[in-house]
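This report concerns only the one structure given below.
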Amino acid sequence: MKKTSPSLDWCIVRCDEDNKWWVDSISDEENWDIENLGIIDPKQFIHMNELLDSMTEFGLQSQMVDEAFFTFEISEEVPGKKVKLERVRDSLLKAEDMLFALPDVLDEEKGPYADFMNHVTQVRVAMLNDLIEFAEPYTIEEMEEVLSEKQNNDFLEGRRSHFSDELVSILEFVPDGFEIDSDLDDEKDADKKGEEDYSDLDTHLVEVSDKEEKLLPDEDLKWDEDENREKEATPYEGGAPDDEKKP
């Protein structure tokens with residue numbers, strides 16, 4: 001089916017307890033099997049796009065990203081805690097709005113998404129060989145063997161495979177026992193954040209929704225409060241009070 005086909009106009013999706021979205025119904029029932037059909041939400045794709053961007057210098061062809069996905073935007077909420085998505089024909093990489101991405105898996109073996117996955121696998125392996133000094137060049141077959149074993153373990157443990165997990169496992173893949181510079185930088189940033197001490201702040205718990213992010217105290221606020229506390233704790237520097245005169 002071509003991207004311009006009018007039959008794929010909308011889909012209704014639901015979110016599970018792991019914050020992953022699944023297709024519940026779709027306009028093109030003839031061509032799509034919705035059983036365990038996942039869809040990538042905007043936040044997931046933003047993370048993936050950051051990973052893809054880091055692979056550009058190693059030969060990633062960005063146009064394959066747009067070719068691999070059908071794009072949708074939120075239309076309305078529907079009963080049962082579900083959301084209706086309307087089909088749009090915007091580029092995932094250039095869109096100004098937050099879009100959902102449904103992989104084009106109508107032909108699982110030779111379709112655009114299959115080509116895209118093969119391409120990012122090749123680029124990831126080329127990236128690893130460029131950044132890591134292996135005794136022997138790392139191969140696509142070795143990578144696929146590791147990922148296949150993980151998928152089999154997930155299947156045996158009853159975990160459904162989602163497109164987001166499948167793609168991120170490739171984009172973040174590093175063989176056991178090795179690290180790349182970006183991983184080390186992330187660890188250093190995490191350690192640095194862990195060293196920041198906010199124990200002297202008078203903090204209060206604030207109820208927030210699952211979608212809101214909790215903010216760390218601002219450094220300027222910390223400085224102001226420390227200054228106020230120093231003023232409060234300043235000892236009395238005058239002389240001793242005069243004794244009351246006896247009559």
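The chains in the structure tokens are called A, B, ... from first to last as shown; in each chain the residues are counted from 1, and the ligands are counted from 1 in the order shown.
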Note to self: I need the residues in stretch 18-124 of chain A that are alpha helix (DSSP H) according to DSSP; give them as a PyMOL selection string.
What the structure shows: chain A and resi 42-53+63-68+112-124
Residues at most 8 Å from A:Ser25, counting only C-alpha atoms, excluding those fewer than 3 positions away in the same chain, as a short mmCIF file (atom, residue, chain, number, x, y, z; two decimals) with N, CA, C and O atoms, in the first residue's frame?
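See part27.cif below for the written result:
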```
data_model
loop_
_atom_site.label_atom_id
_atom_site.label_comp_id
_atom_site.auth_asym_id
_atom_site.auth_seq_id
_atom_site.Cartn_x
_atom_site.Cartn_y
_atom_site.Cartn_z
N CYS A 11 -6.66 5.97 13.73
CA CYS A 11 -6.58 4.79 14.58
C CYS A 11 -6.89 5.21 16.01
O CYS A 11 -6.73 6.38 16.38
N ILE A 12 -7.37 4.29 16.80
CA ILE A 12 -7.65 4.54 18.21
C ILE A 12 -6.63 3.75 19.03
O ILE A 12 -6.43 2.55 18.79
N VAL A 13 -6.00 4.43 19.97
CA VAL A 13 -4.89 3.81 20.71
C VAL A 13 -5.16 3.86 22.20
O VAL A 13 -5.94 4.68 22.70
N GLU A 29 -8.85 -1.80 8.26
CA GLU A 29 -8.85 -3.14 8.86
C GLU A 29 -8.43 -4.23 7.87
O GLU A 29 -7.98 -5.30 8.27
N ILE A 34 -4.18 -5.62 13.95
CA ILE A 34 -3.93 -4.77 15.12
C ILE A 34 -3.56 -5.56 16.37
O ILE A 34 -3.28 -4.96 17.42
#
```
Item checked: Long-range neighbours of A:Arg14 as a PyMOL selection string, 6 Å cut-off, only C-alpha atoms, 6 positions minimum in chain -> chain A and resi 21-22+82
Atoms to include: C-alpha atoms. Write the selected residues as a compact mmCIF listing (two decimals), in the first residue's frame.
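This is the output file out_25.txt:
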```
# COMPACT_ATOMS: atom_id res chain seq x y z
CA TRP A 21 0.80 2.79 23.30
CA TRP A 22 -1.03 0.07 21.36
CA LYS A 82 -8.37 5.84 24.76
```
Please report, as a Markdown table, each residue of stretch 72-127 of chain A lying at most 12 Å from stretch 139-156 of chain A, together with the nearest pair of atoms and the separation in Å rounded to one decimal; use only C-alpha atoms, and order rows by chain and ascending residue number.
```
| residue | atom | partner | partner_atom | distance |
| --- | --- | --- | --- | --- |
| A:Met117 | CA | A:Glu144 | CA | 11.4 |
| A:Asn118 | CA | A:Ile140 | CA | 9.6 |
| A:His119 | CA | A:Ile140 | CA | 10.9 |
| A:Val120 | CA | A:Ile140 | CA | 10.7 |
| A:Thr121 | CA | A:Ile140 | CA | 7.1 |
| A:Gln122 | CA | A:Ile140 | CA | 6.7 |
| A:Val123 | CA | A:Ile140 | CA | 9.7 |
| A:Arg124 | CA | A:Ile140 | CA | 8.9 |
| A:Val125 | CA | A:Ile140 | CA | 6.3 |
| A:Ala126 | CA | A:Thr139 | CA | 8.8 |
| A:Met127 | CA | A:Thr139 | CA | 11.4 |
```
Put those residues in a file: all heavy atoms, as a PDB file, in the first residue's frame.
```
ATOM      1  N   MET A 117      15.194  -0.562   9.420  1.00  0.00           N
ATOM      2  CA  MET A 117      15.818  -1.309  10.514  1.00  0.00           C
ATOM      3  C   MET A 117      17.139  -1.937  10.069  1.00  0.00           C
ATOM      4  O   MET A 117      18.122  -1.935  10.821  1.00  0.00           O
ATOM      5  CB  MET A 117      14.856  -2.384  11.017  1.00  0.00           C
ATOM      6  CG  MET A 117      13.624  -1.825  11.715  1.00  0.00           C
ATOM      7  SD  MET A 117      14.019  -0.997  13.278  1.00  0.00           S
ATOM      8  CE  MET A 117      14.237  -2.431  14.334  1.00  0.00           C
ATOM      9  N   ASN A 118      17.178  -2.459   8.861  1.00  0.00           N
ATOM     10  CA  ASN A 118      18.435  -3.013   8.344  1.00  0.00           C
ATOM     11  C   ASN A 118      19.495  -1.922   8.213  1.00  0.00           C
ATOM     12  O   ASN A 118      20.678  -2.143   8.519  1.00  0.00           O
ATOM     13  CB  ASN A 118      18.196  -3.674   6.977  1.00  0.00           C
ATOM     14  CG  ASN A 118      17.397  -4.955   7.079  1.00  0.00           C
ATOM     15  OD1 ASN A 118      17.412  -5.632   8.106  1.00  0.00           O
ATOM     16  ND2 ASN A 118      16.674  -5.293   6.023  1.00  0.00           N
ATOM     17  N   HIS A 119      19.044  -0.742   7.785  1.00  0.00           N
ATOM     18  CA  HIS A 119      19.978   0.375   7.595  1.00  0.00           C
ATOM     19  C   HIS A 119      20.564   0.841   8.922  1.00  0.00           C
ATOM     20  O   HIS A 119      21.785   1.010   9.044  1.00  0.00           O
ATOM     21  CB  HIS A 119      19.257   1.528   6.902  1.00  0.00           C
ATOM     22  CG  HIS A 119      20.097   2.756   6.727  1.00  0.00           C
ATOM     23  ND1 HIS A 119      21.275   2.761   5.995  1.00  0.00           N
ATOM     24  CD2 HIS A 119      19.936   4.033   7.200  1.00  0.00           C
ATOM     25  CE1 HIS A 119      21.800   3.977   6.018  1.00  0.00           C
ATOM     26  NE2 HIS A 119      21.013   4.763   6.743  1.00  0.00           N
ATOM     27  N   VAL A 120      19.711   1.054   9.947  1.00  0.00           N
ATOM     28  CA  VAL A 120      20.227   1.538  11.230  1.00  0.00           C
ATOM     29  C   VAL A 120      21.099   0.483  11.906  1.00  0.00           C
ATOM     30  O   VAL A 120      22.032   0.817  12.638  1.00  0.00           O
ATOM     31  CB  VAL A 120      19.085   1.988  12.175  1.00  0.00           C
ATOM     32  CG1 VAL A 120      18.377   3.202  11.613  1.00  0.00           C
ATOM     33  CG2 VAL A 120      18.115   0.872  12.455  1.00  0.00           C
ATOM     34  N   THR A 121      20.813  -0.797  11.640  1.00  0.00           N
ATOM     35  CA  THR A 121      21.666  -1.859  12.178  1.00  0.00           C
ATOM     36  C   THR A 121      23.068  -1.766  11.585  1.00  0.00           C
ATOM     37  O   THR A 121      24.078  -1.845  12.299  1.00  0.00           O
ATOM     38  CB  THR A 121      21.056  -3.241  11.889  1.00  0.00           C
ATOM     39  OG1 THR A 121      19.780  -3.348  12.510  1.00  0.00           O
ATOM     40  CG2 THR A 121      21.957  -4.351  12.411  1.00  0.00           C
ATOM     41  N   GLN A 122      23.131  -1.588  10.271  1.00  0.00           N
ATOM     42  CA  GLN A 122      24.429  -1.462   9.603  1.00  0.00           C
ATOM     43  C   GLN A 122      25.191  -0.225  10.090  1.00  0.00           C
ATOM     44  O   GLN A 122      26.402  -0.296  10.355  1.00  0.00           O
ATOM     45  CB  GLN A 122      24.219  -1.383   8.095  1.00  0.00           C
ATOM     46  CG  GLN A 122      23.662  -2.649   7.469  1.00  0.00           C
ATOM     47  CD  GLN A 122      23.262  -2.458   6.016  1.00  0.00           C
ATOM     48  OE1 GLN A 122      23.439  -1.380   5.443  1.00  0.00           O
ATOM     49  NE2 GLN A 122      22.692  -3.494   5.415  1.00  0.00           N
ATOM     50  N   VAL A 123      24.470   0.891  10.242  1.00  0.00           N
ATOM     51  CA  VAL A 123      25.118   2.127  10.679  1.00  0.00           C
ATOM     52  C   VAL A 123      25.595   1.996  12.124  1.00  0.00           C
ATOM     53  O   VAL A 123      26.692   2.454  12.474  1.00  0.00           O
ATOM     54  CB  VAL A 123      24.164   3.326  10.538  1.00  0.00           C
ATOM     55  CG1 VAL A 123      24.793   4.588  11.125  1.00  0.00           C
ATOM     56  CG2 VAL A 123      23.810   3.553   9.078  1.00  0.00           C
ATOM     57  N   ARG A 124      24.793   1.368  12.969  1.00  0.00           N
ATOM     58  CA  ARG A 124      25.196   1.201  14.372  1.00  0.00           C
ATOM     59  C   ARG A 124      26.463   0.354  14.487  1.00  0.00           C
ATOM     60  O   ARG A 124      27.366   0.681  15.260  1.00  0.00           O
ATOM     61  CB  ARG A 124      24.064   0.559  15.181  1.00  0.00           C
ATOM     62  CG  ARG A 124      24.372   0.428  16.675  1.00  0.00           C
ATOM     63  CD  ARG A 124      24.551   1.763  17.334  1.00  0.00           C
ATOM     64  NE  ARG A 124      24.882   1.639  18.760  1.00  0.00           N
ATOM     65  CZ  ARG A 124      25.068   2.655  19.577  1.00  0.00           C
ATOM     66  NH1 ARG A 124      24.938   3.898  19.121  1.00  0.00           N
ATOM     67  NH2 ARG A 124      25.382   2.474  20.846  1.00  0.00           N
ATOM     68  N   VAL A 125      26.544  -0.701  13.717  1.00  0.00           N
ATOM     69  CA  VAL A 125      27.737  -1.553  13.752  1.00  0.00           C
ATOM     70  C   VAL A 125      28.946  -0.780  13.236  1.00  0.00           C
ATOM     71  O   VAL A 125      30.047  -0.868  13.803  1.00  0.00           O
ATOM     72  CB  VAL A 125      27.510  -2.838  12.937  1.00  0.00           C
ATOM     73  CG1 VAL A 125      28.818  -3.614  12.774  1.00  0.00           C
ATOM     74  CG2 VAL A 125      26.469  -3.724  13.622  1.00  0.00           C
ATOM     75  N   ALA A 126      28.762   0.004  12.173  1.00  0.00           N
ATOM     76  CA  ALA A 126      29.860   0.830  11.652  1.00  0.00           C
ATOM     77  C   ALA A 126      30.303   1.843  12.702  1.00  0.00           C
ATOM     78  O   ALA A 126      31.504   2.102  12.879  1.00  0.00           O
ATOM     79  CB  ALA A 126      29.413   1.552  10.382  1.00  0.00           C
ATOM     80  N   MET A 127      29.355   2.412  13.438  1.00  0.00           N
ATOM     81  CA  MET A 127      29.650   3.370  14.496  1.00  0.00           C
ATOM     82  C   MET A 127      30.450   2.707  15.612  1.00  0.00           C
ATOM     83  O   MET A 127      31.440   3.268  16.113  1.00  0.00           O
ATOM     84  CB  MET A 127      28.339   3.937  15.038  1.00  0.00           C
ATOM     85  CG  MET A 127      28.483   4.941  16.154  1.00  0.00           C
ATOM     86  SD  MET A 127      26.820   5.544  16.659  1.00  0.00           S
ATOM     87  CE  MET A 127      27.276   6.663  17.993  1.00  0.00           C
TER      88      MET A 127
END
```
Check: Looking at A:Glu172, A:Glu179, A:Glu35, A:Asp97, which one is nearest to A:Glu133, with distances taken over only C-alpha atoms?
Finding: A:Glu179
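The neighbours of A:Arg87 here are the residues that come within 6 Å of it, using only C-alpha atoms and leaving out any residue fewer than 5 positions away in the same chain; they are Asp9, Trp10 and Phe72 of chain A.
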How would the residues just picked look written out with C-alpha atoms as a compact mmCIF listing (two decimals), in the first residue's frame?
```txt
# COMPACT_ATOMS: atom_id res chain seq x y z
CA ASP A 9 -7.12 7.76 8.01
CA TRP A 10 -7.26 7.18 11.74
CA PHE A 72 -0.61 10.70 13.30
```
Notebook entry, point to check: Can you tell me, as a list in words, what residues are no more than 9 Å from A:Leu171 when counting only C-alpha atoms, ignoring any on the same chain fewer than 2 positions away?
Noted result: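 Counting only the stated atoms, we get Met48, Leu51, Leu52, Met55, Val120, Thr121, Arg124, Leu167, Val168, Ser169 and Phe173 of chain A.
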Notebook entry, point to check: When you draw a straight line from atom CA of A:Asp16 to atom CA of A:Leu99, how long is it in Å?
Noted result: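 Taking atom CA of A:Asp16 and atom CA of A:Leu99, their separation equals 18.6 Å.
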